[in-house]
file coords-v3.csv (CSV, C-alpha atoms)
chain,number,residue,atom,x,y,z
A,1,MET,CA,-25.6,27.7,-13.8
A,2,PRO,CA,-25.7,23.9,-13.4
A,3,GLN,CA,-26.2,22.2,-10.1
A,4,ILE,CA,-22.7,21.4,-8.6
A,5,PHE,CA,-21.8,17.9,-7.6
A,6,ASP,CA,-18.3,18.0,-6.1
A,7,PHE,CA,-16.5,14.7,-6.4
A,8,ARG,CA,-13.0,16.1,-6.5
A,9,SER,CA,-12.1,14.7,-3.0
A,10,ASP,CA,-13.5,14.0,0.4
A,11,THR,CA,-11.5,17.0,1.5
A,12,VAL,CA,-14.4,19.2,0.3
A,13,THR,CA,-16.7,18.0,3.1
A,14,LYS,CA,-18.3,20.6,5.4
A,15,PRO,CA,-18.8,20.1,9.2
A,16,SER,CA,-22.0,18.4,10.4
A,17,SER,CA,-24.5,20.1,12.6
A,18,GLU,CA,-23.2,18.0,15.5
A,19,MET,CA,-19.7,19.4,14.9
A,20,TRP,CA,-21.0,23.0,15.0
A,21,GLU,CA,-22.8,22.2,18.2
A,22,ALA,CA,-19.6,20.9,19.7
A,23,ILE,CA,-17.9,24.2,19.1
A,24,LYS,CA,-20.8,26.2,20.4
A,25,SER,CA,-20.7,24.2,23.7
A,26,LEU,CA,-17.0,25.1,24.3
A,27,LYS,CA,-16.1,27.5,27.1
A,28,ASN,CA,-12.7,29.2,27.6
A,29,ASP,CA,-11.8,26.6,30.2
A,30,ASP,CA,-11.9,24.0,27.4
A,31,LEU,CA,-9.1,25.8,25.6
A,32,GLY,CA,-5.4,26.4,26.2
A,33,ASP,CA,-2.0,26.6,24.5
A,34,ASP,CA,-1.4,23.3,22.9
A,35,VAL,CA,2.3,24.0,22.4
A,36,GLU,CA,2.5,23.8,26.2
A,37,ARG,CA,0.0,20.9,26.1
A,38,GLU,CA,-2.5,23.0,28.0
A,39,ASP,CA,-5.5,22.6,25.7
A,40,PRO,CA,-7.8,20.0,27.4
A,41,THR,CA,-9.9,19.5,24.3
A,42,VAL,CA,-6.9,18.7,22.1
A,43,ASN,CA,-5.5,16.4,24.9
A,44,LYS,CA,-8.8,14.6,25.0
A,45,LEU,CA,-8.8,14.1,21.2
A,46,GLU,CA,-5.3,12.8,21.2
A,47,GLU,CA,-6.0,10.3,23.9
A,48,LYS,CA,-9.1,9.0,22.2
A,49,CYS,CA,-7.4,8.7,18.8
A,50,ALA,CA,-4.4,6.8,20.3
A,51,LYS,CA,-6.8,4.2,21.7
A,52,LEU,CA,-8.8,4.1,18.5
A,53,VAL,CA,-5.7,2.9,16.5
A,54,GLY,CA,-4.1,0.9,19.4
A,55,LYS,CA,-1.2,3.2,20.1
A,56,GLU,CA,0.3,4.6,23.2
A,57,ALA,CA,0.0,8.3,22.2
A,58,ALA,CA,-1.2,10.6,19.4
A,59,LEU,CA,-0.5,14.1,18.1
A,60,PHE,CA,-3.0,16.5,16.4
A,61,VAL,CA,-1.4,18.0,13.3
A,62,THR,CA,-2.6,20.5,10.6
A,63,SER,CA,-2.8,18.1,7.7
A,64,GLY,CA,-2.0,14.6,6.4
A,65,THR,CA,1.0,15.9,4.5
A,66,GLN,CA,2.4,17.5,7.7
A,67,GLY,CA,1.6,14.3,9.7
A,68,ASN,CA,3.4,12.1,7.2
A,69,LEU,CA,6.4,14.4,7.0
A,70,THR,CA,6.6,14.7,10.8
A,71,SER,CA,6.5,10.9,11.1
A,72,LEU,CA,9.2,10.4,8.5
A,73,LEU,CA,11.5,13.0,10.1
A,74,THR,CA,10.9,11.5,13.5
A,75,HIS,CA,11.9,8.0,12.5
A,76,THR,CA,14.9,8.8,10.4
A,77,HIS,CA,18.1,10.8,10.0
A,78,PRO,CA,19.4,12.7,6.9
A,79,GLY,CA,21.1,10.5,4.4
A,80,GLU,CA,18.9,7.5,5.0
A,81,GLU,CA,16.6,5.7,2.5
A,82,ILE,CA,12.9,5.0,2.6
A,83,LEU,CA,11.1,2.2,0.6
A,84,ILE,CA,7.8,3.4,-0.8
A,85,GLU,CA,5.3,2.2,-3.4
A,86,GLU,CA,5.8,4.0,-6.7
A,87,TYR,CA,2.4,5.7,-6.7
A,88,ALA,CA,2.1,6.4,-3.0
A,89,HIS,CA,0.7,9.8,-2.0
A,90,ILE,CA,3.8,10.6,0.1
A,91,TYR,CA,6.0,10.1,-3.0
A,92,LYS,CA,3.8,11.7,-5.7
A,93,TYR,CA,1.7,14.4,-4.0
A,94,GLU,CA,3.6,15.7,-1.0
A,95,VAL,CA,6.0,18.1,-2.7
A,96,GLY,CA,9.2,16.1,-1.9
A,97,GLY,CA,9.3,17.3,1.7
A,98,ALA,CA,11.1,14.2,2.9
A,99,ALA,CA,14.0,15.0,0.5
A,100,ARG,CA,14.1,18.7,0.9
A,101,LEU,CA,13.6,19.0,4.6
A,102,GLY,CA,14.7,15.6,5.8
A,103,GLY,CA,17.6,14.8,3.5
A,104,LEU,CA,16.0,11.4,2.8
A,105,VAL,CA,16.1,9.3,-0.4
A,106,MET,CA,13.0,7.5,-1.5
A,107,ARG,CA,13.3,4.3,-3.4
A,108,THR,CA,10.2,3.1,-5.0
A,109,TYR,CA,8.9,-0.4,-5.6
A,110,PRO,CA,6.1,-1.6,-7.9
A,111,SER,CA,2.8,-3.2,-6.9
A,112,GLN,CA,-0.3,-4.8,-8.4
A,113,LYS,CA,-2.7,-2.0,-7.7
A,114,GLY,CA,-1.2,-1.3,-4.3
A,115,ILE,CA,-0.8,-5.0,-3.3
A,116,PHE,CA,2.7,-6.6,-3.2
A,117,ASP,CA,4.7,-9.2,-1.4
A,118,PRO,CA,7.1,-7.5,1.1
A,119,PHE,CA,9.6,-10.3,0.9
A,120,ASN,CA,10.2,-9.5,-2.8
A,121,LEU,CA,11.7,-6.2,-1.6
A,122,GLN,CA,14.7,-7.9,0.0
A,123,PRO,CA,17.0,-7.1,-2.9
A,124,LEU,CA,16.2,-3.3,-2.5
A,125,ILE,CA,17.6,-3.2,1.1
A,126,HIS,CA,20.8,-1.2,1.5
A,127,TYR,CA,23.0,-1.8,4.5
A,128,ALA,CA,24.8,0.7,6.7
A,129,GLU,CA,27.9,-1.5,6.7
A,130,ASP,CA,28.5,-1.0,3.0
A,131,ILE,CA,30.6,2.1,2.6
A,132,HIS,CA,29.1,2.9,-0.8
A,133,GLU,CA,25.4,2.8,0.1
A,134,ILE,CA,23.0,4.9,2.1
A,135,PRO,CA,21.2,2.7,4.7
A,136,THR,CA,17.5,1.6,4.2
A,137,THR,CA,15.8,2.4,7.5
A,138,MET,CA,12.1,2.6,6.8
A,139,ILE,CA,9.2,1.5,4.7
A,140,CYS,CA,5.9,3.3,4.1
A,141,LEU,CA,2.5,2.0,3.2
A,142,GLU,CA,-0.8,3.6,2.2
A,143,ASN,CA,-4.2,2.2,3.1
A,144,THR,CA,-6.6,2.8,1.4
A,145,HIS,CA,-4.5,3.6,-1.6
A,146,ASN,CA,-5.6,6.8,-3.3
A,147,TYR,CA,-3.9,6.3,-6.7
A,148,HIS,CA,-5.2,2.8,-7.1
A,149,GLY,CA,-8.8,3.7,-6.5
A,150,GLY,CA,-9.2,3.3,-2.8
A,151,VAL,CA,-8.0,-0.3,-2.8
A,152,ILE,CA,-7.6,-1.9,0.6
A,153,LEU,CA,-4.3,-3.5,1.6
A,154,PRO,CA,-5.2,-6.7,3.4
A,155,VAL,CA,-4.3,-7.4,7.0
A,156,ASP,CA,-2.0,-10.3,6.0
A,157,LEU,CA,0.1,-7.9,4.0
A,158,PHE,CA,0.6,-5.9,7.2
A,159,GLN,CA,1.5,-9.0,9.1
A,160,ASN,CA,4.2,-9.8,6.5
A,161,ILE,CA,5.4,-6.2,6.4
A,162,ARG,CA,6.0,-6.4,10.1
A,163,LYS,CA,8.0,-9.6,9.7
A,164,PHE,CA,10.0,-8.1,6.8
A,165,ALA,CA,10.7,-4.9,8.7
A,166,ASP,CA,11.8,-6.7,11.8
A,167,SER,CA,14.2,-8.9,9.9
A,168,ASN,CA,15.8,-5.8,8.3
A,169,ASN,CA,15.6,-3.4,11.3
A,170,LEU,CA,13.1,-1.0,9.5
A,171,LYS,CA,10.5,1.3,10.9
A,172,VAL,CA,7.1,1.1,9.3
A,173,HIS,CA,4.9,4.1,8.7
A,174,LEU,CA,1.3,3.9,7.5
A,175,ASP,CA,-0.2,6.8,5.5
A,176,GLY,CA,-3.7,5.9,6.7
A,177,ALA,CA,-5.4,9.0,5.5
A,178,ARG,CA,-8.5,6.9,4.8
A,179,ILE,CA,-7.8,4.0,7.2
A,180,PHE,CA,-11.3,4.1,8.6
A,181,ASN,CA,-12.7,3.6,5.1
A,182,ALA,CA,-10.6,0.4,5.0
A,183,ALA,CA,-11.8,-0.7,8.5
A,184,VAL,CA,-15.5,0.0,7.8
A,185,ALA,CA,-15.4,-1.8,4.4
A,186,LYS,CA,-13.8,-4.9,6.0
A,187,GLY,CA,-15.9,-4.7,9.2
A,188,ILE,CA,-12.9,-4.7,11.5
A,189,PRO,CA,-11.3,-2.1,13.9
A,190,ALA,CA,-8.7,0.1,12.4
A,191,SER,CA,-6.3,-1.3,15.0
A,192,GLU,CA,-6.3,-4.6,13.1
A,193,PHE,CA,-4.2,-2.8,10.5
A,194,THR,CA,-2.3,-0.4,12.7
A,195,GLN,CA,-1.0,-2.9,15.2
A,196,TYR,CA,1.6,-3.9,12.7
A,197,VAL,CA,3.1,-0.4,12.1
A,198,ASP,CA,5.3,1.9,14.2
A,199,SER,CA,3.4,5.0,13.3
A,200,VAL,CA,0.2,5.9,11.5
A,201,GLN,CA,-1.3,9.1,10.1
A,202,PHE,CA,-5.0,9.5,9.5
A,203,CYS,CA,-7.1,12.4,8.3
A,204,LEU,CA,-9.9,14.0,10.2
A,205,SER,CA,-10.6,16.2,7.2
A,206,LYS,CA,-11.4,13.6,4.6
A,207,GLY,CA,-14.3,11.2,5.0
A,208,LEU,CA,-14.7,12.1,8.7
A,209,SER,CA,-15.6,15.6,7.5
A,210,CYS,CA,-13.7,17.9,9.8
A,211,PRO,CA,-12.6,21.2,8.2
A,212,VAL,CA,-9.0,20.8,9.4
A,213,GLY,CA,-6.6,18.3,10.9
A,214,SER,CA,-5.0,14.9,11.0
A,215,ILE,CA,-3.6,12.6,13.7
A,216,ILE,CA,-0.4,10.8,14.0
A,217,ALA,CA,0.0,8.0,16.5
A,218,GLY,CA,2.7,5.7,17.8
A,219,SER,CA,4.7,5.0,20.9
A,220,GLU,CA,5.1,7.6,23.7
A,221,GLU,CA,8.7,8.0,22.7
A,222,PHE,CA,7.8,8.6,19.0
A,223,ILE,CA,5.1,11.2,19.8
A,224,THR,CA,7.4,13.1,22.2
A,225,LYS,CA,10.0,13.5,19.5
A,226,ALA,CA,7.3,14.1,16.8
A,227,ARG,CA,5.9,17.0,18.9
A,228,LYS,CA,9.2,18.9,18.5
A,229,ILE,CA,9.4,18.1,14.8
A,230,ARG,CA,5.8,19.4,14.4
A,231,LYS,CA,6.9,22.7,16.0
A,232,MET,CA,9.9,22.9,13.7
A,233,LEU,CA,7.6,22.6,10.7
A,234,GLY,CA,5.4,25.4,12.0
A,235,GLY,CA,2.7,23.2,13.2
A,236,GLY,CA,2.5,24.2,16.8
A,237,TRP,CA,-1.2,24.9,17.7
A,238,ARG,CA,-2.4,27.5,20.2
A,239,GLN,CA,-6.1,27.3,21.2
A,240,ALA,CA,-6.8,24.4,18.8
A,241,GLY,CA,-9.5,22.9,20.9
A,242,ILE,CA,-12.0,24.8,18.7
A,243,LEU,CA,-10.9,22.4,15.9
A,244,ALA,CA,-10.3,19.4,18.1
A,245,ALA,CA,-14.0,19.6,19.3
A,246,MET,CA,-15.1,18.7,15.8
A,247,GLY,CA,-12.5,15.9,15.7
A,248,LEU,CA,-14.1,14.4,18.8
A,249,VAL,CA,-17.4,14.2,17.0
A,250,ALA,CA,-15.7,12.7,13.9
A,251,ILE,CA,-14.2,9.8,15.7
A,252,GLU,CA,-17.5,8.7,17.3
A,253,ASP,CA,-18.6,5.2,16.2
A,254,ASN,CA,-21.7,6.3,14.4
A,255,TRP,CA,-19.8,8.9,12.4
A,256,ILE,CA,-17.0,6.5,11.5
A,257,HIS,CA,-19.6,3.9,10.4
A,258,ARG,CA,-21.4,6.5,8.3
A,259,LEU,CA,-18.5,6.0,5.8
A,260,GLN,CA,-20.4,2.9,4.6
A,261,GLU,CA,-22.9,5.3,2.9
A,262,ASP,CA,-20.0,6.8,0.9
A,263,HIS,CA,-18.9,3.3,-0.2
A,264,GLN,CA,-22.4,2.4,-1.3
A,265,ASN,CA,-22.7,5.7,-3.3
A,266,ALA,CA,-19.3,5.0,-4.9
A,267,GLN,CA,-20.6,1.6,-6.1
A,268,LEU,CA,-23.9,3.2,-7.3
A,269,LEU,CA,-21.9,5.7,-9.3
A,270,ALA,CA,-19.5,3.1,-10.8
A,271,ARG,CA,-22.4,0.8,-11.8
A,272,GLY,CA,-24.3,3.7,-13.3
A,273,ILE,CA,-21.4,4.7,-15.6
A,274,GLN,CA,-20.6,1.1,-16.4
A,275,ASP,CA,-24.2,0.3,-17.4
A,276,ALA,CA,-24.2,3.3,-19.7
A,277,PHE,CA,-20.8,2.5,-21.2
A,278,PRO,CA,-20.1,-1.3,-21.0
A,279,ASP,CA,-16.8,-1.1,-22.8
A,280,PHE,CA,-15.2,1.2,-20.2
A,281,HIS,CA,-14.5,-1.7,-17.7
A,282,ILE,CA,-14.8,0.3,-14.5
A,283,GLU,CA,-13.6,-1.6,-11.5
A,284,MET,CA,-16.2,-1.7,-8.7
A,285,PRO,CA,-14.7,0.4,-5.8
A,286,GLU,CA,-13.9,-1.2,-2.4
A,287,THR,CA,-14.4,2.1,-0.7
A,288,ASN,CA,-15.2,5.7,-1.8
A,289,ILE,CA,-13.1,6.2,-4.8
A,290,VAL,CA,-14.2,5.6,-8.4
A,291,MET,CA,-11.7,5.6,-11.2
A,292,LEU,CA,-13.1,6.2,-14.7
A,293,PRO,CA,-10.7,4.9,-17.4
A,294,VAL,CA,-10.9,7.3,-20.3
A,295,PRO,CA,-10.7,5.7,-23.8
A,296,GLU,CA,-7.8,6.6,-26.0
A,297,ASN,CA,-10.1,8.4,-28.5
A,298,ILE,CA,-11.1,10.9,-25.8
A,299,ASN,CA,-8.8,13.5,-24.3
A,300,ALA,CA,-9.0,13.0,-20.5
A,301,TYR,CA,-8.2,16.6,-19.7
A,302,GLU,CA,-10.9,18.0,-22.1
A,303,LEU,CA,-13.4,15.5,-20.7
A,304,SER,CA,-12.6,16.6,-17.2
A,305,GLN,CA,-13.1,20.2,-18.2
A,306,GLN,CA,-16.4,19.6,-19.9
A,307,LEU,CA,-17.7,17.6,-16.9
A,308,GLN,CA,-16.8,20.6,-14.7
A,309,LYS,CA,-18.6,23.0,-17.0
A,310,GLU,CA,-21.7,20.8,-16.5
A,311,GLY,CA,-21.4,20.9,-12.7
A,312,ILE,CA,-19.6,17.5,-12.2
A,313,TYR,CA,-16.4,18.4,-10.3
A,314,GLN,CA,-13.8,15.6,-10.4
A,315,PHE,CA,-10.0,15.1,-10.5
A,316,ASP,CA,-8.1,14.5,-13.7
A,317,MET,CA,-5.5,11.8,-13.2
A,318,GLY,CA,-4.0,11.4,-16.7
A,319,PRO,CA,-5.8,8.6,-18.5
A,320,ARG,CA,-8.3,8.3,-15.7
A,321,ILE,CA,-10.7,10.6,-13.9
A,322,ARG,CA,-11.3,10.2,-10.2
A,323,PHE,CA,-14.6,10.6,-8.4
A,324,VAL,CA,-14.6,10.6,-4.6
A,325,THR,CA,-17.9,10.1,-2.7
A,326,HIS,CA,-18.3,11.7,0.7
A,327,TYR,CA,-20.6,13.3,3.3
A,328,GLY,CA,-22.8,15.8,1.5
A,329,ILE,CA,-23.2,13.6,-1.6
A,330,THR,CA,-26.5,11.6,-1.5
A,331,ALA,CA,-27.8,8.7,-3.5
A,332,ASP,CA,-30.1,11.1,-5.4
A,333,ASP,CA,-27.0,13.2,-6.2
A,334,ILE,CA,-25.4,10.1,-7.6
A,335,GLU,CA,-28.4,9.3,-9.9
A,336,ASN,CA,-28.5,12.9,-11.2
A,337,SER,CA,-24.7,12.9,-11.7
A,338,ILE,CA,-24.8,9.7,-13.8
A,339,LEU,CA,-27.2,11.4,-16.2
A,340,VAL,CA,-24.9,14.4,-16.7
A,341,ILE,CA,-21.8,12.2,-17.0
A,342,GLU,CA,-23.5,10.0,-19.6
A,343,LYS,CA,-24.5,13.1,-21.6
A,344,VAL,CA,-21.0,14.6,-21.5
A,345,ILE,CA,-19.3,11.3,-22.5
A,346,LEU,CA,-21.7,10.7,-25.4
A,347,ASN,CA,-20.9,14.2,-26.7
A,348,ALA,CA,-17.1,13.4,-26.4
A,349,LEU,CA,-17.5,10.2,-28.3
A,350,LYS,CA,-19.2,11.9,-31.3
call {"tool": "encode", "arguments": {"input": "coords-v3.csv", "output": "structure tokens"}}
result
Amino acid sequence: MPQIFDFRSDTVTKPSSEMWEAIKSLKNDDLGDDVEREDPTVNKLEEKCAKLVGKEAALFVTSGTQGNLTSLLTHTHPGEEILIEEYAHIYKYEVGGAARLGGLVMRTYPSQKGIFDPFNLQPLIHYAEDIHEIPTTMICLENTHNYHGGVILPVDLFQNIRKFADSNNLKVHLDGARIFNAAVAKGIPASEFTQYVDSVQFCLSKGLSCPVGSIIAGSEEFITKARKIRKMLGGGWRQAGILAAMGLVAIEDNWIHRLQEDHQNAQLLARGIQDAFPDFHIEMPETNIVMLPVPENINAYELSQQLQKEGIYQFDMGPRIRFVTHYGITADDIENSILVIEKVILNALK
């Protein structure tokens, strides 16, 4: 049995010892029914997370998908249109919840690896006054962008999105599942991005290493409405302070800044594969996602399966294979993984 190095996602992370200690220190008085807003540990987590991203209020939800869907349903009404980048996670990987449960139409727009000029989207806007069209009422962003290899959308793009949205009376939602990766990589607070959006979702269960949970944040009015939408989606917690306690550890400064280790390991992995195969043209990652472009003479699915047999777990994304670095993957693990990856690719090239 080969040694396993799991690069499938940063969702495979396990809690740290500090997180386990946070749970052990809880007493029954630290817990309550969160549907009734009676869990003091959840309340504390929500208050701290709201401040972290510069919003009035926040809500603890079960997952990023639930957080995004809750946000979309809170901002919109059935029969409205949302603008979204063509490879966004909300559009590609969240099971069409906005359409099925919200009666929403998603209109996609292209980008250059996640980056685009918002003002070029003006021709896509549909107006409520036109009897033939459904109104465009919202635009969604993703930062960092998963499909495009953890690329960071710059702050000036957010500034322009805000101007574009205001001029068209649009709400702006940010899928910030990995927003702290962007913030750490740029050396700025997450609020430098989130100040320009109406709502944001970020995951506690990715790079921050909690076993469960995400946060959505926005205005008091938004969160009050979102709390009811969350309940409708089956997301009402009871004594969720047991999970929130780990979230409180995850949002501490030292834990957020630990993400830089993941970024360094991603660069180490990318350089190692690139050095072994100079013709592969691997882009150096900005954050913790490495995309391996698979040559046409190699079947990406078969390569992915062979890597897994050798203990290198990753994610097959068509002509590319994705590797995500995270808590639990060390620099030594990266060096050992590079040797295995090189061996498997050389065999595939024969």
call {"tool": "atom_distance", "arguments": {"input": "coords-v3.csv", "atom1": "CA of Phe116 in chain A", "atom2": "CA of Ile321 in chain A"}}
result
24.3 Å
call {"tool": "atom_distance", "arguments": {"input": "coords-v3.csv", "atom1": "CA of Lys48 in chain A", "atom2": "CA of Ala185 in chain A"}}
result
21.8 Å
call {"tool": "residues_around", "arguments": {"input": "coords-v3.csv", "residues": "Glu18 in chain A", "least_positions_apart": "6", "cutoff": "12 Å", "atoms": "only C-alpha atoms", "output": "list in words"}}
result
Lys24, Ser25, Ser209, Cys210, Ala245, Met246, Gly247, Leu248, Val249, Ala250, Glu252, Asn254 and Trp255 of chain A
call {"tool": "closest_residue", "arguments": {"input": "coords-v3.csv", "among": "A:Pro295, A:Gly187, A:Asp166, A:Gly236", "to": "Glu36 in chain A", "atoms": "all atoms listed in the file"}}
result
A:Gly236
call {"tool": "closest_residue", "arguments": {"input": "coords-v3.csv", "among": "A:Tyr327, A:Phe202, A:Tyr313, A:Phe277", "to": "Lys343 in chain A", "atoms": "all atoms listed in the file"}}
result
A:Phe277
call {"tool": "residues_around", "arguments": {"input": "coords-v3.csv", "residues": "Gly218 in chain A", "least_positions_apart": "2", "cutoff": "8 Å", "atoms": "all atoms listed in the file", "output": "list in words"}}
result
Ala50, Lys55, Glu56, Ala57, Ala58, Asp198, Ser199, Val200, Ile216, Glu220, Phe222 and Ile223 of chain A
call {"tool": "atom_distance", "arguments": {"input": "coords-v3.csv", "atom1": "CA of Glu286 in chain A", "atom2": "CA of Ala190 in chain A"}}
result
15.7 Å
call {"tool": "closest_atom_pairs", "arguments": {"input": "coords-v3.csv", "of": "range 251-296 of chain A", "to": "range 329-333 of chain A", "cutoff": "8 Å", "atoms": "only C-alpha atoms", "output": "CSV"}}
result
residue,atom,partner,partner_atom,distance
A:Asp262,CA,A:Ile329,CA,7.9
A:Asn265,CA,A:Ala331,CA,5.9
A:Leu268,CA,A:Ala331,CA,7.7
call {"tool": "residues_around", "arguments": {"input": "coords-v3.csv", "residues": "range 66-73 of chain A", "least_positions_apart": "4", "cutoff": "8 Å", "atoms": "only C-alpha atoms", "output": "list in words"}}
result
Val61, Thr62, His77, Ile90, Gly97, Ala98, Gly102, His173, Asp175, Ser199, Gln201, Ser214, Ile215, Ile216, Ala226, Ile229, Arg230, Leu233 and Gly235 of chain A
call {"tool": "closest_residue", "arguments": {"input": "coords-v3.csv", "among": "A:Ile298, A:Met291, A:Leu104, A:Thr65", "to": "Phe7 in chain A", "atoms": "all atoms listed in the file"}}
result
A:Met291
call {"tool": "closest_residue", "arguments": {"input": "coords-v3.csv", "among": "A:Asp39, A:Glu80, A:Asp316, A:Asp275", "to": "Pro293 in chain A", "atoms": "all atoms listed in the file"}}
result
A:Asp316
call {"tool": "residues_around", "arguments": {"input": "coords-v3.csv", "residues": "Ile4 in chain A", "least_positions_apart": "3", "cutoff": "9 Å", "atoms": "all atoms listed in the file", "output": "PyMOL selection string"}}
result
chain A and resi 1+308+310-313
call {"tool": "write_last_selection", "arguments": {"input": "coords-v3.csv", "atoms": "C-alpha atoms", "output": "mmCIF file, keeping the file's coordinate frame"}}
result
data_model
loop_
_atom_site.group_PDB
_atom_site.id
_atom_site.type_symbol
_atom_site.label_atom_id
_atom_site.label_comp_id
_atom_site.auth_asym_id
_atom_site.auth_seq_id
_atom_site.Cartn_x
_atom_site.Cartn_y
_atom_site.Cartn_z
ATOM 1 C CA MET A 1 -25.600 27.700 -13.800
ATOM 2 C CA GLN A 308 -16.800 20.600 -14.700
ATOM 3 C CA GLU A 310 -21.700 20.800 -16.500
ATOM 4 C CA GLY A 311 -21.400 20.900 -12.700
ATOM 5 C CA ILE A 312 -19.600 17.500 -12.200
ATOM 6 C CA TYR A 313 -16.400 18.400 -10.300
#
call {"tool": "closest_residue", "arguments": {"input": "coords-v3.csv", "among": "A:Asp279, A:Val324, A:Ala244, A:Ser9", "to": "Pro40 in chain A", "atoms": "all atoms listed in the file"}}
result
A:Ala244
call {"tool": "decode", "arguments": {"input": "coords-v3.csv", "residues": "range 255-269 of chain A", "atoms": "C-alpha atoms", "output": "PDB file, in the first residue's frame"}}
result
ATOM      1  CA  TRP A 255      -4.304  30.316  11.760  1.00  0.00           C
ATOM      2  CA  ILE A 256      -5.331  32.515   8.835  1.00  0.00           C
ATOM      3  CA  HIS A 257      -1.697  33.450   8.137  1.00  0.00           C
ATOM      4  CA  ARG A 258      -0.748  29.758   8.207  1.00  0.00           C
ATOM      5  CA  LEU A 259      -2.285  29.653   4.716  1.00  0.00           C
ATOM      6  CA  GLN A 260       0.988  31.080   3.429  1.00  0.00           C
ATOM      7  CA  GLU A 261       2.555  27.661   4.061  1.00  0.00           C
ATOM      8  CA  ASP A 262       0.027  26.136   1.674  1.00  0.00           C
ATOM      9  CA  HIS A 263       0.894  28.727  -0.966  1.00  0.00           C
ATOM     10  CA  GLN A 264       4.605  28.001  -0.611  1.00  0.00           C
ATOM     11  CA  ASN A 265       3.978  24.279  -0.892  1.00  0.00           C
ATOM     12  CA  ALA A 266       1.879  24.816  -4.022  1.00  0.00           C
ATOM     13  CA  GLN A 267       4.747  26.719  -5.628  1.00  0.00           C
ATOM     14  CA  LEU A 268       7.171  23.986  -4.573  1.00  0.00           C
ATOM     15  CA  LEU A 269       4.949  21.365  -6.205  1.00  0.00           C
TER      16      LEU A 269
END
